[in-house]
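Colleague: Take a look at data-v3.cif, mmCIF, C-alpha atoms:
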data_final
loop_
_atom_site.label_atom_id
_atom_site.label_comp_id
_atom_site.auth_asym_id
_atom_site.auth_seq_id
_atom_site.Cartn_x
_atom_site.Cartn_y
_atom_site.Cartn_z
CA MET A 1 -87.59 -34.50 -64.15
CA ASN A 2 -87.89 -36.13 -60.72
CA THR A 3 -87.91 -34.29 -57.44
CA LEU A 4 -85.01 -35.14 -55.13
CA THR A 5 -85.96 -35.07 -51.46
CA ILE A 6 -83.72 -36.16 -48.60
CA GLU A 7 -85.07 -36.03 -45.07
CA PRO A 8 -82.80 -34.46 -42.45
CA THR A 9 -80.99 -36.35 -39.68
CA ASP A 10 -78.92 -35.16 -36.70
CA PHE A 11 -75.91 -35.08 -39.00
CA SER A 12 -77.20 -34.51 -42.53
CA PRO A 13 -79.19 -31.67 -44.06
CA LYS A 14 -82.63 -31.62 -45.56
CA VAL A 15 -82.56 -31.49 -49.33
CA VAL A 16 -85.42 -30.46 -51.59
CA LEU A 17 -84.85 -30.14 -55.31
CA ASP A 18 -88.31 -29.77 -56.77
CA PRO A 19 -88.44 -28.55 -60.37
CA THR A 20 -92.25 -28.60 -60.56
CA LYS A 21 -92.67 -26.22 -57.63
CA ASN A 22 -89.40 -24.40 -58.27
CA VAL A 23 -88.19 -25.10 -54.75
CA PHE A 24 -84.48 -25.76 -54.32
CA GLU A 25 -83.20 -25.93 -50.79
CA LEU A 26 -80.40 -27.28 -48.61
CA SER A 27 -80.98 -26.76 -44.90
CA GLY A 28 -79.81 -27.91 -41.49
CA GLU A 29 -76.61 -29.55 -40.31
CA SER A 30 -74.08 -31.19 -42.60
CA ARG A 31 -71.50 -33.67 -41.33
CA PRO A 32 -72.56 -36.92 -42.99
CA GLU A 33 -70.68 -40.09 -42.24
CA ASN A 34 -69.82 -40.47 -45.91
CA THR A 35 -69.86 -36.97 -47.36
CA SER A 36 -69.20 -37.99 -50.92
CA LYS A 37 -72.01 -40.56 -50.88
CA PHE A 38 -74.40 -37.94 -49.52
CA TYR A 39 -73.59 -35.15 -52.00
CA MET A 40 -73.09 -37.22 -55.15
CA PRO A 41 -76.82 -37.62 -55.93
CA ILE A 42 -77.28 -33.86 -55.46
CA LEU A 43 -74.49 -33.05 -57.87
CA GLU A 44 -75.77 -35.60 -60.38
CA TRP A 45 -79.27 -34.17 -60.09
CA LEU A 46 -77.95 -30.68 -60.84
CA VAL A 47 -76.10 -31.87 -63.93
CA GLN A 48 -79.34 -33.44 -65.18
CA TYR A 49 -81.26 -30.29 -64.36
CA GLN A 50 -78.86 -28.29 -66.48
CA GLY A 51 -80.07 -30.44 -69.39
CA VAL A 52 -83.67 -29.60 -68.56
CA LEU A 53 -82.87 -25.89 -68.54
CA TYR A 54 -81.13 -26.24 -71.89
CA TRP A 55 -84.18 -27.92 -73.36
CA GLU A 56 -86.53 -25.33 -71.84
CA LYS A 57 -84.48 -22.41 -73.14
CA ASP A 58 -84.27 -23.98 -76.57
CA LYS A 59 -88.06 -24.45 -76.81
CA PHE A 60 -89.45 -21.51 -74.88
CA GLY A 61 -86.62 -19.02 -74.42
CA GLN A 62 -85.18 -17.90 -71.10
CA GLY A 63 -87.03 -19.47 -68.18
CA ALA A 64 -88.16 -18.03 -64.87
CA LEU A 65 -85.62 -17.36 -62.14
CA ARG A 66 -84.54 -20.43 -60.15
CA THR A 67 -83.40 -19.63 -56.65
CA PHE A 68 -81.27 -22.08 -54.66
CA GLU A 69 -81.65 -21.52 -50.94
CA PHE A 70 -78.83 -22.41 -48.56
CA LYS A 71 -80.14 -22.44 -44.99
CA LEU A 72 -77.34 -24.17 -43.17
CA ASP A 73 -77.03 -24.22 -39.44
CA TYR A 74 -73.65 -25.93 -39.41
CA PHE A 75 -71.39 -27.76 -41.87
CA ASN A 76 -68.04 -29.44 -41.27
CA SER A 77 -64.96 -28.84 -43.37
CA THR A 78 -65.47 -31.94 -45.50
CA SER A 79 -68.98 -30.80 -46.33
CA ALA A 80 -67.58 -27.37 -47.21
CA LYS A 81 -65.85 -28.85 -50.22
CA PHE A 82 -69.02 -30.48 -51.46
CA ILE A 83 -71.11 -27.36 -50.87
CA MET A 84 -68.45 -25.60 -52.95
CA ASP A 85 -69.02 -28.20 -55.66
CA VAL A 86 -72.76 -27.60 -55.57
CA LEU A 87 -72.16 -23.85 -55.90
CA MET A 88 -69.62 -24.43 -58.69
CA GLN A 89 -72.19 -26.44 -60.63
CA LEU A 90 -74.76 -23.65 -60.17
CA ASP A 91 -72.09 -21.15 -61.21
CA LYS A 92 -71.47 -23.17 -64.35
CA MET A 93 -75.18 -22.99 -65.14
CA ALA A 94 -75.19 -19.24 -64.54
CA GLN A 95 -72.17 -18.87 -66.82
CA GLU A 96 -74.07 -20.67 -69.55
CA GLY A 97 -76.75 -18.04 -69.33
CA TYR A 98 -79.47 -19.73 -67.29
CA ASN A 99 -81.52 -17.57 -64.99
CA ILE A 100 -80.48 -18.79 -61.55
CA ASN A 101 -79.24 -17.36 -58.28
CA ALA A 102 -78.36 -18.47 -54.75
CA ARG A 103 -79.47 -17.14 -51.40
CA TRP A 104 -77.26 -17.71 -48.37
CA HIS A 105 -79.21 -17.53 -45.10
CA PHE A 106 -77.51 -16.89 -41.77
CA ASP A 107 -78.44 -16.11 -38.18
CA LYS A 108 -77.48 -12.51 -37.48
CA ARG A 109 -75.58 -13.67 -34.38
CA ASP A 110 -73.51 -16.08 -36.47
CA GLU A 111 -70.94 -13.97 -38.30
CA ASP A 112 -68.94 -17.12 -39.19
CA MET A 113 -71.80 -18.49 -41.29
CA LYS A 114 -71.98 -15.17 -43.11
CA GLU A 115 -68.22 -15.15 -43.68
CA SER A 116 -68.27 -18.73 -44.98
CA GLY A 117 -70.85 -17.68 -47.55
CA GLU A 118 -68.69 -14.73 -48.52
CA GLU A 119 -65.66 -16.99 -48.95
CA PHE A 120 -67.69 -19.28 -51.22
CA SER A 121 -69.00 -16.38 -53.26
CA LYS A 122 -65.47 -15.08 -53.89
CA LEU A 123 -64.79 -18.28 -55.82
CA LEU A 124 -67.84 -17.92 -58.08
CA LYS A 125 -67.62 -16.27 -61.48
CA LYS A 126 -71.20 -15.52 -62.43
CA LEU A 127 -73.74 -16.90 -59.96
CA PRO A 128 -75.44 -14.04 -58.09
CA MET A 129 -75.41 -14.76 -54.36
CA GLU A 130 -77.69 -12.89 -52.03
CA PHE A 131 -77.16 -12.83 -48.27
CA VAL A 132 -80.24 -13.15 -46.11
CA GLU A 133 -80.04 -12.40 -42.41
CA PHE A 134 -82.61 -13.85 -40.03
CA MET B 135 -61.81 -49.15 -0.35
CA SER B 136 -61.04 -51.57 -3.15
CA LYS B 137 -58.32 -50.81 -5.67
CA VAL B 138 -60.89 -50.34 -8.43
CA THR B 139 -62.91 -47.89 -6.35
CA SER B 140 -59.91 -45.82 -5.38
CA GLU B 141 -58.73 -45.72 -8.99
CA ALA B 142 -62.14 -44.53 -10.15
CA LEU B 143 -62.22 -41.92 -7.41
CA GLU B 144 -58.72 -40.77 -8.35
CA ILE B 145 -59.73 -40.34 -11.99
CA HIS B 146 -62.92 -38.61 -10.96
CA ASP B 147 -61.13 -36.21 -8.60
CA TYR B 148 -58.49 -35.47 -11.19
CA MET B 149 -61.10 -34.63 -13.83
CA ASN B 150 -63.09 -32.61 -11.38
CA GLU B 151 -60.04 -30.62 -10.40
CA LYS B 152 -59.25 -29.97 -14.07
CA ASN B 153 -62.83 -28.82 -14.69
CA VAL B 154 -63.46 -31.48 -17.29
CA ILE B 155 -66.91 -31.06 -18.80
CA MET B 156 -66.81 -34.06 -21.05
CA SER B 157 -64.30 -36.75 -21.83
CA PHE B 158 -64.29 -39.85 -23.91
CA MET B 159 -61.80 -42.61 -24.51
CA GLY B 160 -62.59 -45.32 -27.01
CA GLU B 161 -63.30 -45.87 -30.64
CA LEU B 162 -64.87 -42.77 -32.16
CA THR B 163 -67.39 -44.08 -34.63
CA HIS B 164 -69.74 -41.64 -36.34
CA GLN B 165 -72.48 -42.85 -34.03
CA VAL B 166 -70.42 -42.15 -30.90
CA THR B 167 -69.46 -38.72 -32.23
CA THR B 168 -73.10 -37.92 -32.95
CA SER B 169 -74.17 -38.86 -29.45
CA LEU B 170 -71.34 -36.84 -27.84
CA LEU B 171 -72.27 -33.84 -29.97
CA LYS B 172 -75.95 -34.15 -29.15
CA ASN B 173 -75.08 -34.15 -25.49
CA LEU B 174 -72.92 -31.11 -25.91
CA LYS B 175 -75.57 -29.25 -27.89
CA ASP B 176 -78.18 -29.91 -25.21
CA SER B 177 -75.95 -28.75 -22.38
CA MET B 178 -74.86 -25.66 -24.34
CA SER B 179 -78.42 -24.65 -25.05
CA TYR B 180 -78.99 -24.25 -21.31
CA SER B 181 -75.80 -22.27 -20.77
CA ASN B 182 -75.49 -18.51 -21.03
CA VAL B 183 -72.64 -18.71 -23.52
CA ASP B 184 -73.40 -16.65 -26.65
CA LEU B 185 -74.50 -18.41 -29.81
CA LEU B 186 -71.36 -17.63 -31.83
CA THR B 187 -69.06 -19.12 -29.17
CA GLN B 188 -71.33 -22.15 -28.86
CA LYS B 189 -71.21 -22.71 -32.60
CA ARG B 190 -67.45 -22.21 -32.76
CA LEU B 191 -66.89 -24.65 -29.93
CA TYR B 192 -69.20 -27.15 -31.63
CA GLY B 193 -67.33 -26.74 -34.93
CA ILE B 194 -63.92 -27.19 -33.32
CA ILE B 195 -65.08 -30.35 -31.55
CA VAL B 196 -66.53 -31.82 -34.76
CA GLU B 197 -63.25 -31.25 -36.62
CA CYS B 198 -61.17 -32.63 -33.74
CA LEU B 199 -63.31 -35.76 -33.47
CA ASP B 200 -63.32 -36.19 -37.27
CA ASN B 201 -59.55 -35.91 -37.24
CA ILE B 202 -58.94 -38.61 -34.68
CA ALA B 203 -61.56 -40.86 -36.26
CA LYS B 204 -59.65 -40.52 -39.51
CA HIS B 205 -56.30 -41.32 -37.87
CA TRP B 206 -57.90 -44.30 -36.24
CA ALA B 207 -59.25 -45.58 -39.54
CA ALA B 208 -56.21 -44.77 -41.64
CA ILE B 209 -53.51 -46.57 -39.72
CA ASP B 210 -53.14 -49.98 -38.33
CA ILE B 211 -51.73 -48.69 -35.09
CA GLN B 212 -53.14 -51.50 -32.93
CA ARG B 213 -51.11 -54.00 -34.91
CA VAL B 214 -47.93 -51.95 -34.56
CA MET B 215 -48.50 -51.43 -30.85
CA GLY B 216 -49.66 -54.97 -30.23
CA ARG B 217 -52.59 -53.73 -28.16
CA SER B 218 -55.67 -51.59 -28.41
CA THR B 219 -54.87 -47.89 -28.14
CA PRO B 220 -58.07 -45.89 -28.28
CA PRO B 221 -57.91 -42.13 -28.77
CA ILE B 222 -58.96 -39.67 -26.09
CA PHE B 223 -61.04 -36.51 -26.28
CA MET B 224 -61.49 -34.01 -23.47
CA LEU B 225 -63.39 -30.77 -23.09
CA SER B 226 -62.69 -28.60 -20.07
CA LYS B 227 -63.35 -25.07 -18.95
CA ARG B 228 -61.07 -22.81 -16.96
CA ASP B 229 -59.92 -19.20 -16.77
CA ASN B 230 -62.62 -18.10 -19.20
CA TYR B 231 -61.57 -20.53 -21.88
CA TYR B 232 -62.86 -23.80 -23.23
CA TYR B 233 -60.03 -26.25 -23.85
CA ILE B 234 -60.47 -29.00 -26.41
CA VAL B 235 -57.81 -31.68 -26.25
CA THR B 236 -57.45 -34.80 -28.34
CA GLY B 237 -54.79 -37.47 -28.09
CA ASN B 238 -54.06 -40.41 -30.32
CA HIS B 239 -51.19 -42.55 -31.50
CA VAL B 240 -49.64 -41.82 -34.87
CA PRO B 241 -46.82 -43.47 -36.82
CA ASN B 242 -43.58 -41.50 -36.54
CA ASP B 243 -43.38 -41.00 -40.29
CA GLN B 244 -46.46 -38.75 -40.07
CA VAL B 245 -45.10 -36.59 -37.27
CA SER B 246 -43.30 -33.99 -39.36
CA ALA B 247 -46.24 -33.53 -41.76
CA LEU B 248 -48.69 -33.07 -38.88
CA ALA B 249 -46.38 -30.69 -37.03
CA GLY B 250 -45.77 -28.76 -40.24
CA LYS B 251 -49.48 -28.28 -40.80
CA ILE B 252 -50.03 -26.92 -37.30
CA GLU B 253 -46.98 -24.65 -37.49
CA MET B 254 -48.33 -23.35 -40.79
CA VAL B 255 -51.77 -22.41 -39.43
CA ASN B 256 -50.19 -21.02 -36.25
CA SER B 257 -48.09 -18.66 -38.34
CA LEU B 258 -51.14 -17.07 -39.98
CA ASP B 259 -53.44 -14.31 -38.77
CA LYS B 260 -57.20 -14.33 -39.42
CA LYS B 261 -56.90 -12.93 -42.93
CA GLY B 262 -54.11 -15.37 -43.76
CA LEU B 263 -56.21 -18.26 -42.50
CA GLN B 264 -59.21 -17.14 -44.56
CA ASP B 265 -57.07 -16.88 -47.70
CA PHE B 266 -55.57 -20.30 -47.01
CA TYR B 267 -59.06 -21.71 -46.42
CA ARG B 268 -60.32 -20.32 -49.71
CA GLU B 269 -57.28 -21.63 -51.60
CA SER B 270 -57.76 -25.10 -50.12
CA LEU B 271 -61.46 -24.99 -50.92
CA ALA B 272 -60.79 -24.15 -54.55
CA LYS B 273 -57.95 -26.61 -54.97
CA GLU B 274 -59.21 -29.75 -53.33
CA THR B 275 -61.14 -32.27 -55.32
CA PRO B 276 -63.44 -34.07 -52.93
CA PHE B 277 -63.88 -37.14 -55.06
CA ASN B 278 -60.64 -38.87 -54.18
CA SER B 279 -60.51 -38.06 -50.51
CA ASP B 280 -62.79 -37.25 -47.64
CA ASN B 281 -60.12 -35.28 -45.85
CA GLY B 282 -59.56 -31.84 -47.23
CA GLY B 283 -56.88 -30.56 -44.88
CA LEU B 284 -59.45 -27.85 -44.34
CA GLY B 285 -60.18 -29.18 -40.87
CA ILE B 286 -57.12 -27.79 -39.15
CA ILE B 287 -57.56 -24.35 -40.79
CA ASP B 288 -61.18 -24.36 -39.68
CA ILE B 289 -60.16 -25.20 -36.09
CA ALA B 290 -57.63 -22.35 -36.07
CA LEU B 291 -60.17 -19.89 -37.50
CA LYS B 292 -62.86 -20.82 -35.01
CA SER B 293 -60.49 -20.95 -32.04
CA GLY B 294 -58.92 -17.52 -32.59
CA ASN B 295 -55.91 -18.77 -30.62
CA LYS B 296 -52.74 -20.65 -31.47
CA LEU B 297 -52.99 -24.42 -31.37
CA GLU B 298 -50.70 -26.31 -29.06
CA TYR B 299 -49.40 -29.76 -29.78
CA GLU B 300 -46.92 -32.35 -28.67
CA PHE B 301 -45.62 -35.66 -29.93
CA ARG B 302 -44.39 -38.02 -27.27
CA PRO B 303 -42.47 -41.05 -28.58
CA VAL B 304 -44.01 -44.29 -27.33
CA THR B 305 -42.16 -46.92 -29.32
CA ASP B 306 -39.60 -46.76 -32.13
CA GLY B 307 -42.34 -46.37 -34.70
CA VAL B 308 -45.17 -44.66 -32.84
CA SER B 309 -45.78 -41.40 -30.99
CA PHE B 310 -48.67 -40.13 -28.91
CA TYR B 311 -50.00 -36.98 -30.58
CA VAL B 312 -51.81 -34.39 -28.48
CA VAL B 313 -53.46 -31.27 -29.90
CA GLN B 314 -55.09 -28.57 -27.84
CA ALA B 315 -57.32 -25.80 -29.11
CA ARG B 316 -58.85 -23.17 -26.89
CA ILE B 317 -61.56 -20.63 -27.33
CA SER B 318 -62.39 -17.72 -25.08
CA ILE B 319 -65.84 -17.67 -23.53
CA ASN B 320 -67.92 -14.59 -24.18
#
Have the structure of the file written as structure tokens, please.
Modeller:
Amino acid sequence: MNTLTIEPTDFSPKVVLDPTKNVFELSGESRPENTSKFYMPILEWLVQYQGVLYWEKDKFGQGALRTFEFKLDYFNSTSAKFIMDVLMQLDKMAQEGYNINARWHFDKRDEDMKESGEEFSKLLKKLPMEFVEF
Amino acid sequence: MSKVTSEALEIHDYMNEKNVIMSFMGELTHQVTTSLLKNLKDSMSYSNVDLLTQKRLYGIIVECLDNIAKHWAAIDIQRVMGRSTPPIFMLSKRDNYYYIVTGNHVPNDQVSALAGKIEMVNSLDKKGLQDFYRESLAKETPFNSDNGGLGIIDIALKSGNKLEYEFRPVTDGVSFYVVQARISIN
């Protein structure tokens, strides 16, 4: 499966979804001009990746832990809905028994970023979400 | 002094007196918004305002600018008004508060919905706003709209103060809509 990499801009986050290195990361600022257009390839990639995990589990049994890192500095309210969608897709994968988790990074001075992560996690059924202060 | 000069001076003095840090009137494209925000970020990074307040102010401004850009795009107000009516954005600082004010024309048939939304968030405390935010987050499907209605809740949460607003009728069909958010400076 291909790696999805999106370079950051002043208004859109850096995205790395690299299944060969097991690096999955969303970082920076998110207020793209067209939010749906920005997040759609990410969501589509995750749906495809779920297929890869299915295949892997079928052939080799439960795979190694996949950790999705969220290192966001700022996101606007429109992005919030799409980040929720990303988390929902990961949650779906966790509910189907795949070995994945999420880590939500936040600056210790930024209690709002921590609280946003907590609000997201309240809507998840199975995906373990770890909070990482820096 | 020419008329133009005295007008410019008048505007300048007025803004100075009102402690305006930044103001913009014109079409708010994504590019314009980005450049305003970059400016703001740079000036904030040199200030002694704490990081949380800086980030909250930044977030409020993004949502306010997004909101007026959306209004601008969604309605054909120039046609109704028969002239160009660009929105206005203003950031000022006084009495230990930042004030964020936006103004734009809206069709009268949107007035009650907009007022209702603001009254709704103004009636909630922090916990109520967080619950409302979470409900909206879970409910909204982003695929059919770019506007979640989350924006106004987010502004209220970050501001920590009640929002103020006013609709001033301009023509039979159009009003000028002003919203003000404020945030205390720590």
Colleague: Chain B residues within 10 Å of chain A, counting only C-alpha atoms: which ones, as a PyMOL selection string?
Modeller: chain B and resi 163-165+168-169+171-172+184-190+192-194+196-197+200+264-265+267-289+291-292
Colleague: Leaving out B:Ser309 and any residue of its chain fewer than 6 positions from it, which residues lie within 12 Å of it when counting all atoms listed in the file, given as an mmCIF file with C-alpha atoms, in the coordinates of the input?
Modeller:
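Output (selection_32.cif):
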data_model
loop_
_atom_site.group_PDB
_atom_site.id
_atom_site.type_symbol
_atom_site.label_atom_id
_atom_site.label_comp_id
_atom_site.auth_asym_id
_atom_site.auth_seq_id
_atom_site.Cartn_x
_atom_site.Cartn_y
_atom_site.Cartn_z
ATOM 1 C CA ILE B 211 -51.730 -48.690 -35.090
ATOM 2 C CA VAL B 214 -47.930 -51.950 -34.560
ATOM 3 C CA MET B 215 -48.500 -51.430 -30.850
ATOM 4 C CA THR B 219 -54.870 -47.890 -28.140
ATOM 5 C CA GLY B 237 -54.790 -37.470 -28.090
ATOM 6 C CA ASN B 238 -54.060 -40.410 -30.320
ATOM 7 C CA HIS B 239 -51.190 -42.550 -31.500
ATOM 8 C CA VAL B 240 -49.640 -41.820 -34.870
ATOM 9 C CA PRO B 241 -46.820 -43.470 -36.820
ATOM 10 C CA ASN B 242 -43.580 -41.500 -36.540
ATOM 11 C CA ASP B 243 -43.380 -41.000 -40.290
ATOM 12 C CA GLN B 244 -46.460 -38.750 -40.070
ATOM 13 C CA VAL B 245 -45.100 -36.590 -37.270
ATOM 14 C CA SER B 246 -43.300 -33.990 -39.360
ATOM 15 C CA LEU B 248 -48.690 -33.070 -38.880
ATOM 16 C CA GLU B 300 -46.920 -32.350 -28.670
ATOM 17 C CA PHE B 301 -45.620 -35.660 -29.930
ATOM 18 C CA ARG B 302 -44.390 -38.020 -27.270
ATOM 19 C CA PRO B 303 -42.470 -41.050 -28.580
#
Colleague: In Å, with one decimal, what is the gap from atom CA of B:Ser293 to atom CA of B:Leu199?
Modeller: 15.1 Å
Colleague: Atom CA of A:Gln89 to atom CA of A:Gln50: how many Å, to one decimal?
Modeller: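 We find that atom CA of A:Gln89 and atom CA of A:Gln50 lie 9.1 Å from each other.
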Colleague: What is the atom CA of A:Val47-atom CA of A:Pro13 distance in Å, reported with one decimal?
Modeller: 20.1 Å
Colleague: For the PyMOL selection byres ((chain B and resi 316) around 8), applied here, can you spell out every residue it catches as an mmCIF file with C-alpha atoms, in the frame of the given file?
Modeller:
data_model
loop_
_atom_site.group_PDB
_atom_site.id
_atom_site.type_symbol
_atom_site.label_atom_id
_atom_site.label_comp_id
_atom_site.auth_asym_id
_atom_site.auth_seq_id
_atom_site.Cartn_x
_atom_site.Cartn_y
_atom_site.Cartn_z
ATOM 1 C CA TYR B 231 -61.570 -20.530 -21.880
ATOM 2 C CA TYR B 232 -62.860 -23.800 -23.230
ATOM 3 C CA TYR B 233 -60.030 -26.250 -23.850
ATOM 4 C CA ILE B 234 -60.470 -29.000 -26.410
ATOM 5 C CA SER B 293 -60.490 -20.950 -32.040
ATOM 6 C CA ASN B 295 -55.910 -18.770 -30.620
ATOM 7 C CA LEU B 297 -52.990 -24.420 -31.370
ATOM 8 C CA GLN B 314 -55.090 -28.570 -27.840
ATOM 9 C CA ALA B 315 -57.320 -25.800 -29.110
ATOM 10 C CA ILE B 317 -61.560 -20.630 -27.330
ATOM 11 C CA SER B 318 -62.390 -17.720 -25.080
#
Colleague: Set the distance at 6 Å and use all atoms listed in the file: which residues neighbour stretch 222-224 of chain B once local chain neighbours fewer than 5 positions away are removed? I'd like the list as a ChimeraX atom specification.
Modeller: /B:156-159,234-237
Colleague: Report, as lines of an AutoDock Vina configuration file, the centre and edge lengths in Å (one decimal) of the axis-aligned box enclosing every listed atom of stretch 245-256 of chain B, padded by 4 Å on each side.
Modeller:
center_x = -47.5
center_y = -28.8
center_z = -39.0
size_x = 16.5
size_y = 23.6
size_z = 13.5
Colleague: For B:Asn201, which of B:Thr167, B:Asn256, B:Ser177, B:Ser136 is the closest residue, counting only C-alpha atoms?
Modeller: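 For B:Asn201, the nearest of the given residues is B:Thr167.
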Colleague: If we count all atoms listed in the file and set the cut-off at 9 Å, which residues sit around A:Asn22, ignoring sequence neighbours fewer than 6 positions away in its own chain? Please answer as a PyMOL selection string.
Modeller: chain A and resi 65-67
Colleague: Taking into account only C-alpha atoms, which residue in the set A:Lys71, A:Tyr49, A:Val23, A:Leu124 is nearest to A:Phe106?
Modeller: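 Of A:Lys71, A:Tyr49, A:Val23, A:Leu124, the one nearest A:Phe106 is A:Lys71, counting only C-alpha atoms.
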Colleague: Would you please work out which residue, of A:Leu4, A:Leu72, A:Leu26, A:Ala64, is nearest to A:Pro41 when using only C-alpha atoms?
Modeller: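 Smallest distance to A:Pro41 is found for A:Leu4.
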Colleague: Show which residues sit within 9 Å of A:Thr9, as a PyMOL selection string. Count all atoms listed in the file, and ignore same-chain residues fewer than 5 positions away.
Modeller: chain A and resi 14+28-29
Colleague: Take the PyMOL selection byres ((chain A and resi 63) around 12), apply it to the structure above, and return the hits as a PyMOL selection string.
Modeller: chain A and resi 22+52-62+64-66+97-100
